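Taking it in order: structure first as structure tokens, then the write-up.
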Amino acid sequence: MDFSLTEEQKSWQKKARKFAEEEIKPISLERDQIVDPGGTIDWDLITKGSKLGFRTAVVAKEQGGHGVDYVTQAIIMSELAKADSAMSKTFSQCWKWSHLIAAACTEEQKERFLRPFLEDHTFVLGSGQTEANSGSDNRMPPPGNLSSGVRLRAEKDGDHWVLNGEKQFIAHGNVAKLFFLLVRTDFSVPFTDGTTLLLVPHDTPGFSRGKVYNKSGWRFYQNGEMIFEDARVPVSNQIGETNRALHKGDGDSSGDMFGDLELAANALGICDSACEKAIHLAQNSNSGGELLKDQQSVRLKIGKMSMLTEALRSYVMRVAWEHDEKIHSTNAGLVMNFSTDTVQEVTELCMDIYDNSGAPMDRGVDKLVRDSFIWSHLAGDSVQRLKVAGRILR
Amino acid sequence: MYDLQISEEQLAIRDTVRDFVANEITPVALLPKRLEPFDPPLPTAEIEKAAELGLRTLSLSEESGGANSDSLTRCIVAEELASGDADIAAVLAETSELAGPLFDRAMTTEQRNLILPKFIENNDFHLAVAPSRMANHSAIGNSYHRHKEKKSDMAFKATAKEGGGWLLNGIGTRVSNASIAKLFVVEAQTESSSSFFLISNDQPGSKIAEVSRDGGWYLGSCGDVLLKDCFVSEESKLNSGSFDLPEHSPIYNAINLGVARAAFEAAVEYAKLRIQGGRPIIEHQAIGEKLAEIAISLEVARGTIWRAAWCLDNPDKAVAYSGDNLPINTVAQVSSSEMLYKAAKDSAECFGAMGVMRDMPMQKYIHQTRMFLHTGNGNADARLKIAELIADFHDG
């Protein structure tokens, strides 16, 4: 079993680490503290990262990207997340949907959308699934149920789909230039058989941006409401067959398959940050001539944090390797669930070590804990666990 | 008699406060303009309304104009208030806790006659003690099972002035209620030992700087007290040894319990309404199991907190099975803070994305219960304290 990285993988790791330390880390806390949720994003940072390839990394080389493999993706995501989880996610969100372009778009669509995506450093992607009526149900559809699922209506009018309805809690909802929108095209059947996927550019007539959501963690990562009023989307923007969007084709590595790895790799970065902070404090915090690291209680915590982090790292890399080898298993879902628990446990242990009477909690440590808690609120928590269990028990 | 059955009177008080919270506090507390800002102002109007109900003076004797409430009653009130708004509960609890010990036991008759009427008449008259209670309690840390060096420097020093009176100097940081208190009880080092001095919020030579709530990591009101050649007359000095406060009061854990309970109640209400997976989510085992666990931890936390309150009121009768002098209030702090943080998080989980949105209260409940995990010297240090007592360690 070979755990070593290739030269190319090491080169990406080095590049990501340098960018994280020199560009992300210095602005991380200050962006988190901006009160206006729409004002936390920094397009300069995104542009800089894009120029280094972080935004377009997974687009195939032949098509103008860097075609990095999953192991490299995992490495980049965790290196960036170590400096700031939300900033890392902003870049990898573009990969999530780049995967879908590669898997499901026609050559004509790829030409139409890939080029501007590659050329514009501020071109970020988003999807549009969640609605007021449908959150967990999108992840784990209740079988045969007619009232569940997305309700954003799409009706055919000549060579356009006309959209009416809203999407809620959409990552990059207020900033993406292109969305992969799940729309309801048939209400007479359960939504699993009546949903279609459309590519919706941000300047689609009839689309407007609603509220920008104000989150307690992941503040840099934008999240917004989308409103459609007789919005017109060309039929040529449709991906795959009508009503078949929730029947995934083979080779489609978008959404959950990538998404699970993405979250676990990002969580790994947060854990690395927490361990680094805790170890640094333990080695330097001096109380009456004695260091924090001399306390057994502190040692036990740091040992546990490191143990959990290394376990997560092994699991993340294994899943990344499986994706590269096109091995299908339940591990992607499992590592995502594991990362939800681990990232919270590790960052909370870090906060315990930072206990310091007479002072408020270190803001960087508090941010790690707030960012970590997002994991339980991303894509349903119970549902994410039940879904994987369902696959295991099939 | 060890009795945690709440009396008819306590039930009546609880229900009165509960109604008050539902009508006056919760509608304001849940407004996005109260939830979203990093540094929302203290809701002084609501605090004053609660004071009108007598919730500012609970520990004060009836003779002095208070309710003469015992610790358990004060826990019940604190929990109810906190289920509405923890900042309101914290301010009232601090003044309420100090009132009895200060006016009934520590002050001379002259001092009481001078200050008590103003305290009773003005519903915005709050109390604070400086330096903060943690200032004198160093972490055990590396001196676990070893001799602990006594803290040499106190935050405030009092030098006797020629002709009478004292000059106080020093800085006390993170003093609870400092930004709204009208009367401060300041502990200062004198030549031979230490004494408590009474100063008003506008005493010449004193300056109070409010600690920003943004990243401030506190509930209620918090400020730094700066004294520079602050003159205090002899008449404003408390008799030595007269003012005493327990290191940690379960009333603060009762506030935490109120916060976690509010989170739980919101989760139950939502879980009954929210339909996913074809039915209200409360009908799914995953959610049912989660809510049951939360309910269990709330009841267990309440039991321990109330027991700690009873032990405060009955120090001679308190019995600990796990060791002599085992501080039940510390047991309550450690166990309840850990359970209640998890309870708040798990409650928020039922809300999906809304659990982390700042215009909704769930994320605030999590932040507040998290603070209780990291008060004072932290739970790790509290465990060391318990460990020393279990081992019958005696310092010096």
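Residues are referred to by chain and number: the chain letter is A, B, ... according to the order shown in the structure tokens, the number counts from 1 in that chain, and ligands are numbered separately from 1 in the order shown.
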Neighbours of chain A in chain B at 7 Å, counting only C-alpha atoms, as a list of chain:residue names: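 Taken together, these residues fit the definition: B:Met134, B:Ala135, B:Gly141, B:Asn142, B:Arg174, B:Gly215, B:Gly216, B:Trp217, B:Gln276, B:Gly277, B:Gly278, B:Ala286, B:Glu349, B:Gly352, B:Ala353, B:Gly355, B:Val356, B:Met357, B:Arg358, B:Gln363, B:His374, B:Thr375, B:Gly376, B:Asn377, B:Gly378.
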Would you output that residue set with C-alpha atoms, as a short mmCIF file (atom, residue, chain, number, x, y, z; two decimals), in the first residue's frame?
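What ended up in out_37.cif:
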```cif
data_model
loop_
_atom_site.label_atom_id
_atom_site.label_comp_id
_atom_site.auth_asym_id
_atom_site.auth_seq_id
_atom_site.Cartn_x
_atom_site.Cartn_y
_atom_site.Cartn_z
CA MET B 134 -12.78 34.95 39.08
CA ALA B 135 -10.04 37.42 39.86
CA GLY B 141 -3.33 23.71 36.55
CA ASN B 142 0.23 22.78 37.23
CA ARG B 174 -14.78 42.03 33.18
CA GLY B 215 -16.54 38.79 20.92
CA GLY B 216 -16.98 39.84 24.53
CA TRP B 217 -17.92 36.39 25.67
CA GLN B 276 -40.07 15.89 5.49
CA GLY B 277 -39.83 12.22 4.71
CA GLY B 278 -43.59 12.27 4.32
CA ALA B 286 -33.77 9.87 14.33
CA GLU B 349 -29.84 20.32 14.34
CA GLY B 352 -31.47 22.30 9.23
CA ALA B 353 -29.92 25.45 7.79
CA GLY B 355 -29.96 26.29 12.99
CA VAL B 356 -27.03 28.48 11.96
CA MET B 357 -28.84 31.58 10.71
CA ARG B 358 -28.21 34.66 12.80
CA GLN B 363 -27.38 29.79 16.92
CA HIS B 374 -15.81 28.04 29.32
CA THR B 375 -16.53 30.21 32.33
CA GLY B 376 -14.11 30.75 35.11
CA ASN B 377 -11.11 28.53 34.81
CA GLY B 378 -12.94 26.00 32.70
#
```
task: Tell me, as a list in words, which residues lie within 10 Å of Phe393 (chain B), counting only C-alpha atoms; anything in the same chain fewer than 5 positions away does not count.
output: Tyr144, His145, Arg146, His147, Lys385, Ala387 and Glu388 of chain B
message: as a PyMOL selection string, please: every residue in region 93-256 of chain B that DSSP puts in strand (DSSP E).
response: chain B and resi 126-130+156-160+166-176+181-189+194-200+206-210+222-232
How about saving the chosen residues, N, CA and C atoms kept, as a compact mmCIF listing (two decimals), in the first residue's frame?
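Contents of the output file again07.txt:
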```
# COMPACT_ATOMS: atom_id res chain seq x y z
N HIS B 126 -28.83 48.81 39.88
CA HIS B 126 -28.20 47.49 39.87
C HIS B 126 -26.90 47.49 40.66
N LEU B 127 -26.47 46.30 41.04
CA LEU B 127 -25.29 46.11 41.87
C LEU B 127 -24.20 45.36 41.12
N ALA B 128 -22.98 45.63 41.55
CA ALA B 128 -21.85 44.88 40.97
C ALA B 128 -20.79 44.72 42.03
N VAL B 129 -20.01 43.66 41.91
CA VAL B 129 -18.88 43.46 42.81
C VAL B 129 -17.60 43.41 42.00
N ALA B 130 -16.62 44.20 42.43
CA ALA B 130 -15.35 44.28 41.71
C ALA B 130 -14.20 44.00 42.68
N PHE B 156 -7.27 45.86 43.29
CA PHE B 156 -7.42 47.22 43.83
C PHE B 156 -6.65 47.36 45.12
N LYS B 157 -6.11 48.55 45.33
CA LYS B 157 -5.42 48.85 46.58
C LYS B 157 -6.06 50.06 47.23
N ALA B 158 -6.16 50.00 48.55
CA ALA B 158 -6.73 51.12 49.30
C ALA B 158 -5.69 51.63 50.28
N THR B 159 -5.37 52.93 50.13
CA THR B 159 -4.42 53.51 51.09
C THR B 159 -5.18 54.49 51.97
N ALA B 160 -4.91 54.39 53.24
CA ALA B 160 -5.59 55.27 54.19
C ALA B 160 -5.17 56.70 53.95
N TRP B 166 -10.28 56.76 52.50
CA TRP B 166 -9.36 55.90 51.73
C TRP B 166 -9.26 56.39 50.31
N LEU B 167 -8.09 56.11 49.72
CA LEU B 167 -7.92 56.35 48.28
C LEU B 167 -7.77 55.00 47.60
N LEU B 168 -8.67 54.76 46.65
CA LEU B 168 -8.64 53.46 45.96
C LEU B 168 -8.03 53.61 44.57
N ASN B 169 -7.19 52.66 44.23
CA ASN B 169 -6.56 52.63 42.91
C ASN B 169 -6.56 51.21 42.36
N GLY B 170 -6.70 51.12 41.04
CA GLY B 170 -6.59 49.81 40.41
C GLY B 170 -7.59 49.63 39.29
N ILE B 171 -7.48 48.47 38.66
CA ILE B 171 -8.38 48.13 37.55
C ILE B 171 -8.96 46.75 37.79
N GLY B 172 -10.27 46.67 37.71
CA GLY B 172 -10.93 45.36 37.77
C GLY B 172 -11.57 45.11 36.42
N THR B 173 -11.14 44.06 35.75
CA THR B 173 -11.67 43.81 34.40
C THR B 173 -12.84 42.84 34.43
N ARG B 174 -13.67 42.95 33.42
CA ARG B 174 -14.78 42.03 33.18
C ARG B 174 -15.66 41.85 34.42
N VAL B 175 -16.07 42.97 34.96
CA VAL B 175 -16.93 42.94 36.13
C VAL B 175 -18.39 42.84 35.67
N SER B 176 -19.10 41.84 36.18
CA SER B 176 -20.51 41.67 35.78
C SER B 176 -21.34 42.85 36.26
N ALA B 181 -24.45 49.16 36.74
CA ALA B 181 -24.58 49.21 38.19
C ALA B 181 -24.56 50.63 38.70
N LYS B 182 -25.32 50.88 39.76
CA LYS B 182 -25.26 52.18 40.41
C LYS B 182 -24.42 52.10 41.69
N LEU B 183 -24.22 50.89 42.17
CA LEU B 183 -23.44 50.71 43.38
C LEU B 183 -22.47 49.55 43.17
N PHE B 184 -21.22 49.81 43.51
CA PHE B 184 -20.18 48.79 43.38
C PHE B 184 -19.66 48.42 44.76
N VAL B 185 -19.46 47.13 44.97
CA VAL B 185 -18.77 46.66 46.17
C VAL B 185 -17.36 46.30 45.73
N VAL B 186 -16.40 47.10 46.15
CA VAL B 186 -15.03 46.92 45.65
C VAL B 186 -14.15 46.31 46.73
N GLU B 187 -13.53 45.21 46.43
CA GLU B 187 -12.58 44.61 47.37
C GLU B 187 -11.20 45.15 47.08
N ALA B 188 -10.58 45.76 48.08
CA ALA B 188 -9.26 46.35 47.88
C ALA B 188 -8.31 45.92 48.98
N GLN B 189 -7.06 45.85 48.59
CA GLN B 189 -6.03 45.46 49.55
C GLN B 189 -5.70 46.65 50.43
N SER B 194 -7.52 42.96 53.57
CA SER B 194 -8.35 43.53 52.51
C SER B 194 -9.70 43.90 53.09
N SER B 195 -10.35 44.81 52.43
CA SER B 195 -11.67 45.23 52.86
C SER B 195 -12.56 45.50 51.67
N PHE B 196 -13.86 45.61 51.94
CA PHE B 196 -14.83 45.94 50.89
C PHE B 196 -15.26 47.39 51.06
N PHE B 197 -15.34 48.10 49.95
CA PHE B 197 -15.71 49.50 49.95
C PHE B 197 -16.90 49.71 49.02
N LEU B 198 -17.77 50.64 49.41
CA LEU B 198 -18.93 50.93 48.57
C LEU B 198 -18.65 52.18 47.74
N ILE B 199 -18.78 52.06 46.45
CA ILE B 199 -18.66 53.26 45.62
C ILE B 199 -19.82 53.32 44.64
N SER B 200 -20.20 54.53 44.30
CA SER B 200 -21.29 54.68 43.33
C SER B 200 -20.69 54.76 41.93
N SER B 206 -13.57 57.44 39.50
CA SER B 206 -13.94 56.12 38.97
C SER B 206 -14.34 56.26 37.51
N LYS B 207 -14.05 55.24 36.77
CA LYS B 207 -14.43 55.23 35.35
C LYS B 207 -14.84 53.80 35.00
N ILE B 208 -15.99 53.68 34.33
CA ILE B 208 -16.46 52.36 33.94
C ILE B 208 -16.44 52.27 32.41
N ALA B 209 -15.77 51.29 31.89
CA ALA B 209 -15.71 51.11 30.44
C ALA B 209 -16.42 49.81 30.08
N GLU B 210 -17.49 49.95 29.31
CA GLU B 210 -18.24 48.75 28.93
C GLU B 210 -17.42 47.86 28.01
N CYS B 222 -21.26 43.85 31.20
CA CYS B 222 -19.87 43.57 31.58
C CYS B 222 -19.03 44.81 31.33
N GLY B 223 -18.21 45.17 32.28
CA GLY B 223 -17.37 46.34 32.09
C GLY B 223 -16.11 46.29 32.92
N ASP B 224 -15.17 47.14 32.55
CA ASP B 224 -13.93 47.28 33.32
C ASP B 224 -14.11 48.45 34.26
N VAL B 225 -13.67 48.27 35.50
CA VAL B 225 -13.78 49.31 36.52
C VAL B 225 -12.39 49.89 36.77
N LEU B 226 -12.24 51.17 36.50
CA LEU B 226 -10.94 51.81 36.69
C LEU B 226 -11.05 52.83 37.81
N LEU B 227 -10.23 52.68 38.82
CA LEU B 227 -10.22 53.62 39.94
C LEU B 227 -8.87 54.31 40.00
N LYS B 228 -8.91 55.65 40.03
CA LYS B 228 -7.66 56.41 40.13
C LYS B 228 -7.83 57.44 41.23
N ASP B 229 -7.14 57.19 42.31
CA ASP B 229 -7.27 58.07 43.49
C ASP B 229 -8.74 58.35 43.79
N CYS B 230 -9.48 57.31 43.84
CA CYS B 230 -10.91 57.41 44.10
C CYS B 230 -11.11 57.48 45.62
N PHE B 231 -11.64 58.60 46.06
CA PHE B 231 -11.78 58.77 47.49
C PHE B 231 -13.06 58.08 48.00
N VAL B 232 -12.88 57.28 49.05
CA VAL B 232 -14.02 56.61 49.70
C VAL B 232 -13.96 56.93 51.18
```
message: Please compute the CA of Leu152 (chain A)-CA of Gln222 (chain A) distance, one decimal, in Å.
response: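 Interatomic distance here is 21.5 Å.
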- request: Apply DSSP to the backbone of this structure and, from region 218-341 of chain B, keep only the residues in alpha helix (DSSP H); write these as a PyMOL selection string.
  value: chain B and resi 250-273+285-313+328-341
- prompt: CA of Ile386 (chain B) and CA of Lys317 (chain B), how far apart in Å?
  reply: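 Separation of CA of Lys317 (chain B) and CA of Ile386 (chain B): 19.7 Å.
Excluding Ser96 (chain B) itself and any same-chain residue fewer than 5 positions from it, the protein and nucleic acid residues within 10 Å of it, counting only C-alpha atoms, are B:Ala51, B:Gly54, B:Leu55, B:Arg56, B:Thr57, B:Leu58, B:Ser59, B:Leu60, B:Gly66, B:Ser69, B:Arg74, B:Ala90, B:Val91, B:Pro101, B:His126, B:Leu127.
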task: Using only C-alpha atoms, find the one residue out of A:Met87, A:Val388, A:Leu182, A:Leu312 that sits nearest to Ala265 (chain A).
output: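 Among the listed residues, A:Leu312 lies closest to Ala265 (chain A).
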task: Take CA of Val346 (chain A) and CA of Leu334 (chain A) and report the distance between them in Å, one decimal.
output: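 Computing it gives 17.9 Å between the two atoms.
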